[in-house]
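A quick write-up on the structure given underneath.
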Amino acid sequence: MKTLLLMGLLLMSGTLFAQQPIEMKVWPNGAPNDNGITEEKNGDTDSPSYTKEAILYVYPAKKGNGMAIVACPGGGYSHLAMAHEGKSMADWFNSQGITYAVLRYRMPNGHNEVPLSDSQQALRIMRQHAQEWNVKKLGIMGSSAGGHLASTTATHFTDGETRPDFQILFYPVITMDPAYTHMGSHDNLLGKNPSKELEQKYSNELQVTPQTPPAFILHSSDDTVVPVANSVNYYTALVKNKVPASLHTYPVGGHGWGYRDSFPYKRQWTGELEKWLREINK
């Protein structure tokens, strides 16, 4: 009984003292574009669907090491896995001295320019607060369709403000090639019958240049939702362009594991990512 009581108190204290994020509207004066969504399908904060307003949740590190990351959760460009692919990682990154932000980006609803405009604006916001949050090196991170948005951000930047300094991709959708893309993400971003030119534009393995930022990529070989070829081909393009890249594939795990303890290689990926982040911050 005493043990149960103690465990209860510990859980309560963890809840009470968990850092609450700074919540910021990405477009407080209105977005420059519209996704055509007038009403969200549900208001679940952990898995919002068809979002019409972009929000950035920022978790500043108490003793910042100069690094910051903007995370884009996945969800096939129809909803957002805000917990295990977003907010659940905040304490882990903060413990390394990294200021961490989770982007609740707007769903495209066939308006392909909308998510990228949100991620680019999120980077601008982080840099506007660089002195306050000790941001010297800013990265973009994403999982699944959020990995597509992150890699799009890393390959479609327009200036120094919108170029991330590094990218972290969890089992990312990279291509829009129907042969091996995730068709749900493809259709939600581009529509069901897009032009080949539009598919190529958002096939980020084709958009890599020597200016693309360094990448850390994770994927499971047995992923049947987003084929591992997405990560392999992106890695190959990065290497071809002499962009520093680290690819980690695991034999099992499937898709969508994020920060979940159930993923059998969690200790491996967290250790490798922590080491990589230290190396690029020298």
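Naming scheme: A, B, ... for chains in displayed order of the structure tokens; residues 1 onward per chain; ligands 1 onward as shown.
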Which parts of range 35-220 of chain A does DSSP call helix (DSSP H, G or I) when run on the backbone here, written out as a PyMOL selection string? chain A and resi 87-95+113-128+130-133+145-155+183-190+196-201+204-206
Using only C-alpha atoms, determine which residues lie at most 7 Å from His84 in chain A, disregarding the query and same-chain residues fewer than 4 positions distant; provide the list as a tab-separated table (two decimals) with all heavy atoms, in the first residue's frame.
```
chain	number	residue	atom	x	y	z
A	88	SER	N	6.29	14.36	-26.44
A	88	SER	CA	6.90	13.37	-25.54
A	88	SER	C	8.42	13.45	-25.51
A	88	SER	O	9.06	12.96	-24.59
A	88	SER	CB	6.47	11.95	-25.93
A	88	SER	OG	5.08	11.79	-25.78
A	258	GLY	N	8.27	6.53	-33.04
A	258	GLY	CA	8.57	7.77	-32.35
A	258	GLY	C	9.37	7.56	-31.07
A	258	GLY	O	10.38	6.87	-31.06
A	259	TYR	N	8.87	8.13	-29.97
A	259	TYR	CA	9.58	8.04	-28.69
A	259	TYR	C	9.05	6.91	-27.82
A	259	TYR	O	9.35	6.83	-26.63
A	259	TYR	CB	9.46	9.38	-27.95
A	259	TYR	CG	10.51	9.57	-26.87
A	259	TYR	CD1	11.86	9.62	-27.17
A	259	TYR	CD2	10.13	9.69	-25.53
A	259	TYR	CE1	12.81	9.79	-26.18
A	259	TYR	CE2	11.07	9.86	-24.53
A	259	TYR	CZ	12.41	9.90	-24.86
A	259	TYR	OH	13.36	10.06	-23.88
A	260	ARG	N	8.26	6.02	-28.38
A	260	ARG	CA	7.65	4.95	-27.59
A	260	ARG	C	8.69	3.95	-27.09
A	260	ARG	O	9.60	3.56	-27.82
A	260	ARG	CB	6.60	4.22	-28.42
A	260	ARG	CG	5.34	5.04	-28.65
A	260	ARG	CD	4.39	4.33	-29.57
A	260	ARG	NE	3.10	5.02	-29.66
A	260	ARG	CZ	2.33	5.02	-30.73
A	260	ARG	NH1	2.69	4.35	-31.82
A	260	ARG	NH2	1.18	5.66	-30.74
```
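As for CA of Ala68 in chain A and CA of His248 in chain A, they are spaced 21.9 Å apart.
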Select from range 176-227 of chain A every residue with an atom at most 8 Å from any atom of range 129-148 of chain A, then for each give the shortest pair of atoms and their distance in Å to one decimal, using only C-alpha atoms, rows by chain and rising number, as CSV.
```
residue,atom,partner,partner_atom,distance
A:Ser185,CA,A:Ala145,CA,6.3
A:Asn204,CA,A:His148,CA,7.9
A:Val226,CA,A:Ser144,CA,7.4
```
Please determine, counting only C-alpha atoms, which residue among A:Leu123, A:Val243, A:Leu190, A:Ile55 has the shortest atom-to-atom distance to Glu161 in chain A.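 Smallest distance to Glu161 in chain A is found for A:Leu123.
Proximity to Thr155 in chain A was assessed for A:Gly36, A:Gly86, A:Gly74, A:Pro214 counting only C-alpha atoms; the smallest distance is recorded for A:Pro214.
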Using only C-alpha atoms, which of the listed residues (A:Lys201, A:His219, A:Lys275, A:Lys52) sits closest to Thr175 in chain A?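 Smallest distance to Thr175 in chain A is found for A:Lys201.
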When you look at range 268-270 of chain A with a cut-off of 12 Å (counting only C-alpha atoms), what residues show up, excluding the ones that are within fewer than 2 positions of it in the same chain? I need them as a compact mmCIF listing (two decimals) with all heavy atoms, in the first residue's frame.
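Writing done, so here's around-v1.txt:
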```txt
# COMPACT_ATOMS: atom_id res chain seq x y z
N MET A 89 9.02 14.04 -26.53
CA MET A 89 10.48 14.12 -26.61
C MET A 89 11.04 15.37 -25.95
O MET A 89 12.27 15.53 -25.87
CB MET A 89 10.93 14.07 -28.07
CG MET A 89 10.52 12.83 -28.82
SD MET A 89 11.32 12.74 -30.46
CE MET A 89 10.32 11.48 -31.26
N TRP A 92 13.53 14.92 -23.00
CA TRP A 92 14.77 14.28 -23.42
C TRP A 92 15.70 15.28 -24.10
O TRP A 92 16.89 15.35 -23.81
CB TRP A 92 14.46 13.10 -24.34
CG TRP A 92 15.69 12.33 -24.74
CD1 TRP A 92 16.46 11.52 -23.96
CD2 TRP A 92 16.31 12.33 -26.04
NE1 TRP A 92 17.51 11.00 -24.68
CE2 TRP A 92 17.45 11.48 -25.96
CE3 TRP A 92 16.00 12.95 -27.25
CZ2 TRP A 92 18.27 11.24 -27.05
CZ3 TRP A 92 16.83 12.71 -28.34
CH2 TRP A 92 17.95 11.86 -28.23
N PHE A 93 15.15 16.08 -25.00
CA PHE A 93 15.98 17.09 -25.66
C PHE A 93 16.42 18.17 -24.67
O PHE A 93 17.58 18.60 -24.69
CB PHE A 93 15.24 17.70 -26.85
CG PHE A 93 15.26 16.85 -28.08
CD1 PHE A 93 14.09 16.28 -28.58
CD2 PHE A 93 16.44 16.61 -28.77
CE1 PHE A 93 14.11 15.50 -29.72
CE2 PHE A 93 16.47 15.83 -29.92
CZ PHE A 93 15.30 15.27 -30.40
N GLN A 96 19.48 17.57 -22.64
CA GLN A 96 20.75 17.72 -23.34
C GLN A 96 21.11 19.18 -23.57
O GLN A 96 22.11 19.48 -24.24
CB GLN A 96 20.69 16.99 -24.68
CG GLN A 96 20.44 15.49 -24.57
CD GLN A 96 20.21 14.87 -25.92
OE1 GLN A 96 21.09 14.88 -26.78
NE2 GLN A 96 19.02 14.32 -26.14
N ILE A 168 16.65 16.09 -38.84
CA ILE A 168 16.51 14.77 -38.21
C ILE A 168 15.21 14.17 -38.73
O ILE A 168 14.14 14.77 -38.58
CB ILE A 168 16.46 14.88 -36.68
CG1 ILE A 168 17.72 15.57 -36.15
CG2 ILE A 168 16.30 13.50 -36.04
CD1 ILE A 168 17.63 15.98 -34.68
N LEU A 169 15.29 12.99 -39.34
CA LEU A 169 14.14 12.40 -40.01
C LEU A 169 13.85 11.00 -39.48
O LEU A 169 14.68 10.10 -39.60
CB LEU A 169 14.38 12.34 -41.52
CG LEU A 169 14.81 13.66 -42.18
CD1 LEU A 169 15.14 13.43 -43.65
CD2 LEU A 169 13.74 14.73 -42.03
N PHE A 170 12.66 10.82 -38.91
CA PHE A 170 12.20 9.51 -38.43
C PHE A 170 11.30 8.90 -39.50
O PHE A 170 10.26 9.47 -39.85
CB PHE A 170 11.38 9.66 -37.15
CG PHE A 170 12.17 10.00 -35.92
CD1 PHE A 170 12.66 11.29 -35.71
CD2 PHE A 170 12.42 9.04 -34.93
CE1 PHE A 170 13.37 11.61 -34.57
CE2 PHE A 170 13.13 9.35 -33.79
CZ PHE A 170 13.61 10.64 -33.60
N PHE A 216 20.37 13.35 -40.13
CA PHE A 216 20.36 12.13 -39.33
C PHE A 216 19.03 11.45 -39.63
O PHE A 216 17.96 12.02 -39.40
CB PHE A 216 20.49 12.46 -37.84
CG PHE A 216 20.64 11.26 -36.94
CD1 PHE A 216 21.89 10.82 -36.53
CD2 PHE A 216 19.52 10.56 -36.48
CE1 PHE A 216 22.04 9.72 -35.70
CE2 PHE A 216 19.65 9.46 -35.64
CZ PHE A 216 20.91 9.04 -35.25
N ILE A 217 19.09 10.22 -40.17
CA ILE A 217 17.90 9.55 -40.68
C ILE A 217 17.72 8.21 -39.99
O ILE A 217 18.69 7.45 -39.85
CB ILE A 217 17.99 9.34 -42.21
CG1 ILE A 217 18.39 10.65 -42.92
CG2 ILE A 217 16.68 8.82 -42.77
CD1 ILE A 217 18.85 10.45 -44.35
N LEU A 218 16.48 7.89 -39.58
CA LEU A 218 16.17 6.62 -38.93
C LEU A 218 15.00 5.95 -39.64
O LEU A 218 14.04 6.62 -40.03
CB LEU A 218 15.79 6.84 -37.46
CG LEU A 218 16.68 7.70 -36.59
CD1 LEU A 218 16.14 9.13 -36.52
CD2 LEU A 218 16.74 7.14 -35.17
N HIS A 219 15.08 4.62 -39.78
CA HIS A 219 14.00 3.89 -40.44
C HIS A 219 14.08 2.42 -40.05
O HIS A 219 15.15 1.92 -39.70
CB HIS A 219 14.15 4.02 -41.96
CG HIS A 219 12.85 4.14 -42.69
ND1 HIS A 219 12.56 5.20 -43.55
CD2 HIS A 219 11.76 3.35 -42.72
CE1 HIS A 219 11.36 5.05 -44.06
NE2 HIS A 219 10.84 3.91 -43.58
N SER A 220 12.98 1.72 -40.12
CA SER A 220 12.95 0.27 -39.93
C SER A 220 12.85 -0.41 -41.28
O SER A 220 12.06 -0.01 -42.14
CB SER A 220 11.75 -0.15 -39.06
OG SER A 220 11.89 0.33 -37.75
N SER A 246 23.90 10.67 -41.88
CA SER A 246 24.00 9.45 -41.07
C SER A 246 22.68 8.71 -41.19
O SER A 246 21.63 9.25 -40.82
CB SER A 246 24.29 9.83 -39.61
OG SER A 246 24.43 8.69 -38.80
N LEU A 247 22.72 7.49 -41.71
CA LEU A 247 21.52 6.67 -41.90
C LEU A 247 21.54 5.49 -40.96
O LEU A 247 22.51 4.72 -40.93
CB LEU A 247 21.44 6.18 -43.35
CG LEU A 247 20.33 5.19 -43.68
CD1 LEU A 247 18.95 5.81 -43.47
CD2 LEU A 247 20.47 4.68 -45.12
N HIS A 248 20.46 5.31 -40.19
CA HIS A 248 20.35 4.21 -39.23
C HIS A 248 19.10 3.41 -39.56
O HIS A 248 17.98 3.91 -39.42
CB HIS A 248 20.30 4.75 -37.79
CG HIS A 248 21.53 5.52 -37.42
ND1 HIS A 248 22.57 4.98 -36.71
CD2 HIS A 248 21.88 6.80 -37.70
CE1 HIS A 248 23.52 5.89 -36.55
NE2 HIS A 248 23.12 7.00 -37.15
N THR A 249 19.28 2.19 -40.03
CA THR A 249 18.14 1.31 -40.30
C THR A 249 18.15 0.17 -39.31
O THR A 249 19.21 -0.35 -38.95
CB THR A 249 18.21 0.75 -41.74
OG1 THR A 249 19.43 0.04 -41.92
CG2 THR A 249 18.11 1.87 -42.76
N TYR A 250 16.96 -0.21 -38.85
CA TYR A 250 16.80 -1.27 -37.85
C TYR A 250 16.00 -2.41 -38.48
O TYR A 250 15.07 -2.17 -39.25
CB TYR A 250 16.10 -0.71 -36.62
CG TYR A 250 16.84 0.48 -36.05
CD1 TYR A 250 16.40 1.78 -36.29
CD2 TYR A 250 18.00 0.31 -35.30
CE1 TYR A 250 17.10 2.88 -35.80
CE2 TYR A 250 18.71 1.40 -34.80
CZ TYR A 250 18.25 2.68 -35.05
OH TYR A 250 18.95 3.76 -34.58
N TRP A 257 6.98 4.54 -34.56
CA TRP A 257 7.36 4.29 -33.17
C TRP A 257 7.73 5.54 -32.39
O TRP A 257 7.55 5.61 -31.19
CB TRP A 257 8.50 3.26 -33.09
CG TRP A 257 9.42 3.17 -34.25
CD1 TRP A 257 9.28 2.37 -35.34
CD2 TRP A 257 10.64 3.91 -34.45
NE1 TRP A 257 10.34 2.53 -36.21
CE2 TRP A 257 11.19 3.47 -35.69
CE3 TRP A 257 11.32 4.87 -33.70
CZ2 TRP A 257 12.39 3.98 -36.19
CZ3 TRP A 257 12.52 5.38 -34.21
CH2 TRP A 257 13.03 4.94 -35.42
N GLY A 258 8.27 6.53 -33.04
CA GLY A 258 8.57 7.77 -32.35
C GLY A 258 9.37 7.56 -31.07
O GLY A 258 10.38 6.87 -31.06
N TYR A 259 8.87 8.13 -29.97
CA TYR A 259 9.58 8.04 -28.69
C TYR A 259 9.05 6.91 -27.82
O TYR A 259 9.35 6.83 -26.63
CB TYR A 259 9.46 9.38 -27.95
CG TYR A 259 10.51 9.57 -26.87
CD1 TYR A 259 11.86 9.62 -27.17
CD2 TYR A 259 10.13 9.69 -25.53
CE1 TYR A 259 12.81 9.79 -26.18
CE2 TYR A 259 11.07 9.86 -24.53
CZ TYR A 259 12.41 9.90 -24.86
OH TYR A 259 13.36 10.06 -23.88
N ARG A 260 8.26 6.02 -28.38
CA ARG A 260 7.65 4.95 -27.59
C ARG A 260 8.69 3.95 -27.09
O ARG A 260 9.60 3.56 -27.82
CB ARG A 260 6.60 4.22 -28.42
CG ARG A 260 5.34 5.04 -28.65
CD ARG A 260 4.39 4.33 -29.57
NE ARG A 260 3.10 5.02 -29.66
CZ ARG A 260 2.33 5.02 -30.73
NH1 ARG A 260 2.69 4.35 -31.82
NH2 ARG A 260 1.18 5.66 -30.74
N ASP A 261 8.51 3.52 -25.85
CA ASP A 261 9.40 2.53 -25.26
C ASP A 261 9.26 1.17 -25.91
O ASP A 261 10.16 0.32 -25.80
CB ASP A 261 9.12 2.38 -23.76
CG ASP A 261 9.50 3.63 -22.97
OD1 ASP A 261 10.38 4.39 -23.45
OD2 ASP A 261 8.94 3.85 -21.88
N PHE A 263 9.45 0.37 -28.95
CA PHE A 263 10.37 0.17 -30.07
C PHE A 263 11.64 -0.51 -29.55
O PHE A 263 12.31 0.01 -28.66
CB PHE A 263 10.71 1.50 -30.73
CG PHE A 263 11.65 1.38 -31.91
CD1 PHE A 263 11.34 0.55 -32.98
CD2 PHE A 263 12.85 2.07 -31.93
CE1 PHE A 263 12.20 0.43 -34.06
CE2 PHE A 263 13.72 1.96 -33.01
CZ PHE A 263 13.39 1.14 -34.08
N PRO A 264 12.00 -1.69 -30.07
CA PRO A 264 13.10 -2.46 -29.47
C PRO A 264 14.47 -1.82 -29.59
O PRO A 264 15.40 -2.20 -28.87
CB PRO A 264 13.06 -3.80 -30.24
CG PRO A 264 12.31 -3.52 -31.49
CD PRO A 264 11.34 -2.43 -31.16
N TYR A 265 14.61 -0.83 -30.47
CA TYR A 265 15.91 -0.19 -30.64
C TYR A 265 15.92 1.25 -30.13
O TYR A 265 16.74 2.06 -30.57
CB TYR A 265 16.32 -0.24 -32.13
CG TYR A 265 16.57 -1.65 -32.61
CD1 TYR A 265 15.55 -2.38 -33.23
CD2 TYR A 265 17.81 -2.25 -32.43
CE1 TYR A 265 15.77 -3.68 -33.65
CE2 TYR A 265 18.04 -3.55 -32.85
CZ TYR A 265 17.01 -4.26 -33.47
OH TYR A 265 17.23 -5.56 -33.87
N LYS A 266 15.06 1.54 -29.17
CA LYS A 266 15.01 2.91 -28.65
C LYS A 266 16.34 3.32 -28.02
O LYS A 266 16.83 4.44 -28.22
CB LYS A 266 13.89 3.06 -27.62
CG LYS A 266 13.77 4.50 -27.10
CD LYS A 266 12.60 4.68 -26.15
CE LYS A 266 12.49 6.12 -25.71
NZ LYS A 266 11.35 6.34 -24.79
N GLU A 272 22.64 7.10 -30.40
CA GLU A 272 23.29 7.56 -31.62
C GLU A 272 22.93 9.01 -31.94
O GLU A 272 23.79 9.80 -32.37
CB GLU A 272 22.92 6.65 -32.79
CG GLU A 272 23.53 5.27 -32.72
CD GLU A 272 25.05 5.30 -32.84
OE1 GLU A 272 25.60 6.28 -33.38
OE2 GLU A 272 25.70 4.33 -32.39
N LEU A 273 21.68 9.37 -31.74
CA LEU A 273 21.27 10.75 -32.02
C LEU A 273 21.92 11.72 -31.05
O LEU A 273 22.38 12.80 -31.45
CB LEU A 273 19.74 10.87 -31.98
CG LEU A 273 19.18 12.28 -32.23
CD1 LEU A 273 19.70 12.87 -33.54
CD2 LEU A 273 17.65 12.25 -32.22
N GLU A 274 21.96 11.34 -29.78
CA GLU A 274 22.61 12.20 -28.79
C GLU A 274 24.08 12.44 -29.17
O GLU A 274 24.58 13.57 -29.10
CB GLU A 274 22.51 11.56 -27.41
CG GLU A 274 23.04 12.43 -26.28
CD GLU A 274 22.81 11.82 -24.92
OE1 GLU A 274 22.00 10.87 -24.80
OE2 GLU A 274 23.44 12.30 -23.95
N LYS A 275 24.76 11.38 -29.58
CA LYS A 275 26.16 11.50 -29.98
C LYS A 275 26.30 12.39 -31.22
O LYS A 275 27.19 13.26 -31.28
CB LYS A 275 26.73 10.10 -30.27
CG LYS A 275 28.20 10.09 -30.68
CD LYS A 275 28.66 8.66 -30.94
CE LYS A 275 30.13 8.63 -31.37
NZ LYS A 275 30.58 7.25 -31.67
N TRP A 276 25.45 12.21 -32.20
CA TRP A 276 25.49 12.99 -33.43
C TRP A 276 25.27 14.47 -33.14
O TRP A 276 25.96 15.34 -33.70
CB TRP A 276 24.45 12.46 -34.41
CG TRP A 276 24.46 13.10 -35.77
CD1 TRP A 276 25.31 12.83 -36.80
CD2 TRP A 276 23.56 14.11 -36.25
NE1 TRP A 276 24.99 13.59 -37.90
CE2 TRP A 276 23.93 14.39 -37.59
CE3 TRP A 276 22.47 14.80 -35.70
CZ2 TRP A 276 23.24 15.33 -38.38
CZ3 TRP A 276 21.80 15.73 -36.48
CH2 TRP A 276 22.19 15.99 -37.80
N LEU A 277 24.31 14.78 -32.29
CA LEU A 277 24.02 16.17 -31.94
C LEU A 277 25.21 16.83 -31.26
O LEU A 277 25.53 18.00 -31.50
CB LEU A 277 22.77 16.26 -31.07
CG LEU A 277 21.45 15.97 -31.79
CD1 LEU A 277 20.33 15.74 -30.79
CD2 LEU A 277 21.10 17.12 -32.74
```
So that each row is one residue of range 46-135 of chain A with an atom at most 12 Å from range 192-200 of chain A, can you give its shortest atom pair and the distance in Å to one decimal, using only C-alpha atoms, rows by chain and rising number, as a Markdown table?
```
| residue | atom | partner | partner_atom | distance |
| --- | --- | --- | --- | --- |
| A:Asn109 | CA | A:Lys192 | CA | 11.2 |
| A:Gly110 | CA | A:Lys192 | CA | 8.8 |
| A:His111 | CA | A:Pro194 | CA | 11.5 |
| A:Asn112 | CA | A:Leu198 | CA | 9.3 |
| A:Glu113 | CA | A:Leu198 | CA | 11.2 |
```
Got a sec to tell me which of range 96-220 of chain A DSSP assigns to strand (DSSP E or B), as a ChimeraX atom specification? /A:99-104,137-143,166-170,215-220
Export, as a PDB file, in the first residue's frame, the selected residues with N, CA and C atoms.
```pdb
ATOM      1  N   THR A  99      16.913  23.486 -26.756  1.00  0.00           N
ATOM      2  CA  THR A  99      15.579  24.074 -26.768  1.00  0.00           C
ATOM      3  C   THR A  99      14.767  23.382 -27.856  1.00  0.00           C
ATOM      4  N   TYR A 100      13.554  22.976 -27.514  1.00  0.00           N
ATOM      5  CA  TYR A 100      12.774  22.095 -28.369  1.00  0.00           C
ATOM      6  C   TYR A 100      11.404  22.718 -28.617  1.00  0.00           C
ATOM      7  N   ALA A 101      10.942  22.635 -29.861  1.00  0.00           N
ATOM      8  CA  ALA A 101       9.625  23.168 -30.205  1.00  0.00           C
ATOM      9  C   ALA A 101       8.876  22.156 -31.061  1.00  0.00           C
ATOM     10  N   VAL A 102       7.580  22.063 -30.853  1.00  0.00           N
ATOM     11  CA  VAL A 102       6.731  21.174 -31.644  1.00  0.00           C
ATOM     12  C   VAL A 102       5.776  22.039 -32.460  1.00  0.00           C
ATOM     13  N   LEU A 103       5.750  21.793 -33.759  1.00  0.00           N
ATOM     14  CA  LEU A 103       4.918  22.582 -34.663  1.00  0.00           C
ATOM     15  C   LEU A 103       3.611  21.862 -34.966  1.00  0.00           C
ATOM     16  N   ARG A 104       2.531  22.496 -34.624  1.00  0.00           N
ATOM     17  CA  ARG A 104       1.190  22.033 -35.011  1.00  0.00           C
ATOM     18  C   ARG A 104       0.875  22.750 -36.322  1.00  0.00           C
ATOM     19  N   LYS A 137      22.259  27.316 -33.310  1.00  0.00           N
ATOM     20  CA  LYS A 137      22.178  26.300 -34.364  1.00  0.00           C
ATOM     21  C   LYS A 137      20.777  25.698 -34.306  1.00  0.00           C
ATOM     22  N   LEU A 138      20.013  25.845 -35.402  1.00  0.00           N
ATOM     23  CA  LEU A 138      18.600  25.487 -35.410  1.00  0.00           C
ATOM     24  C   LEU A 138      18.327  24.387 -36.423  1.00  0.00           C
ATOM     25  N   GLY A 139      17.714  23.297 -35.962  1.00  0.00           N
ATOM     26  CA  GLY A 139      17.412  22.170 -36.828  1.00  0.00           C
ATOM     27  C   GLY A 139      15.924  21.959 -37.023  1.00  0.00           C
ATOM     28  N   ILE A 140      15.592  21.187 -38.054  1.00  0.00           N
ATOM     29  CA  ILE A 140      14.219  20.770 -38.326  1.00  0.00           C
ATOM     30  C   ILE A 140      14.149  19.251 -38.152  1.00  0.00           C
ATOM     31  N   MET A 141      13.071  18.761 -37.580  1.00  0.00           N
ATOM     32  CA  MET A 141      12.900  17.333 -37.341  1.00  0.00           C
ATOM     33  C   MET A 141      11.491  16.935 -37.747  1.00  0.00           C
ATOM     34  N   GLY A 142      11.335  15.697 -38.222  1.00  0.00           N
ATOM     35  CA  GLY A 142       9.999  15.259 -38.592  1.00  0.00           C
ATOM     36  C   GLY A 142       9.893  13.755 -38.661  1.00  0.00           C
ATOM     37  N   SER A 143       8.666  13.266 -38.465  1.00  0.00           N
ATOM     38  CA  SER A 143       8.382  11.835 -38.489  1.00  0.00           C
ATOM     39  C   SER A 143       7.333  11.543 -39.555  1.00  0.00           C
ATOM     40  N   PHE A 166      20.429  21.792 -39.616  1.00  0.00           N
ATOM     41  CA  PHE A 166      20.514  20.338 -39.684  1.00  0.00           C
ATOM     42  C   PHE A 166      19.108  19.772 -39.738  1.00  0.00           C
ATOM     43  N   GLN A 167      18.992  18.489 -40.059  1.00  0.00           N
ATOM     44  CA  GLN A 167      17.680  17.834 -40.165  1.00  0.00           C
ATOM     45  C   GLN A 167      17.737  16.447 -39.526  1.00  0.00           C
ATOM     46  N   ILE A 168      16.654  16.090 -38.841  1.00  0.00           N
ATOM     47  CA  ILE A 168      16.505  14.772 -38.210  1.00  0.00           C
ATOM     48  C   ILE A 168      15.207  14.172 -38.731  1.00  0.00           C
ATOM     49  N   LEU A 169      15.291  12.986 -39.336  1.00  0.00           N
ATOM     50  CA  LEU A 169      14.136  12.400 -40.009  1.00  0.00           C
ATOM     51  C   LEU A 169      13.854  10.996 -39.480  1.00  0.00           C
ATOM     52  N   PHE A 170      12.662  10.817 -38.907  1.00  0.00           N
ATOM     53  CA  PHE A 170      12.202   9.513 -38.431  1.00  0.00           C
ATOM     54  C   PHE A 170      11.299   8.900 -39.501  1.00  0.00           C
ATOM     55  N   ALA A 215      22.166  15.625 -42.258  1.00  0.00           N
ATOM     56  CA  ALA A 215      20.973  14.850 -41.907  1.00  0.00           C
ATOM     57  C   ALA A 215      21.297  13.643 -41.041  1.00  0.00           C
ATOM     58  N   PHE A 216      20.367  13.355 -40.127  1.00  0.00           N
ATOM     59  CA  PHE A 216      20.364  12.127 -39.330  1.00  0.00           C
ATOM     60  C   PHE A 216      19.034  11.445 -39.635  1.00  0.00           C
ATOM     61  N   ILE A 217      19.094  10.223 -40.172  1.00  0.00           N
ATOM     62  CA  ILE A 217      17.897   9.553 -40.679  1.00  0.00           C
ATOM     63  C   ILE A 217      17.724   8.209 -39.991  1.00  0.00           C
ATOM     64  N   LEU A 218      16.478   7.893 -39.582  1.00  0.00           N
ATOM     65  CA  LEU A 218      16.169   6.621 -38.926  1.00  0.00           C
ATOM     66  C   LEU A 218      15.005   5.947 -39.641  1.00  0.00           C
ATOM     67  N   HIS A 219      15.080   4.620 -39.777  1.00  0.00           N
ATOM     68  CA  HIS A 219      14.003   3.892 -40.443  1.00  0.00           C
ATOM     69  C   HIS A 219      14.079   2.415 -40.048  1.00  0.00           C
ATOM     70  N   SER A 220      12.976   1.724 -40.123  1.00  0.00           N
ATOM     71  CA  SER A 220      12.953   0.274 -39.928  1.00  0.00           C
ATOM     72  C   SER A 220      12.852  -0.409 -41.281  1.00  0.00           C
TER      73      SER A 220
END
```
Quick check, in Å to one decimal: how far apart do CA of Gly75 in chain A and CA of Thr181 in chain A lie? 14.2 Å
Could you check which of A:Pro244, A:Pro108, A:Gly160, A:Gly253 is closest to Tyr50 in chain A, using only C-alpha atoms? A:Pro108
Return the single residue from A:Met126, A:Ala229, A:Leu238, A:Met24 that is closest to Met67 in chain A, with distances computed using only C-alpha atoms.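 Using only C-alpha atoms, the shortest distance to Met67 in chain A belongs to A:Met126.
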Could you work out how far CA of Arg124 in chain A lies from CA of Thr236 in chain A, giving the answer in Å with one decimal?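 Computed distance, CA of Thr236 in chain A to CA of Arg124 in chain A, equals 29.3 Å.
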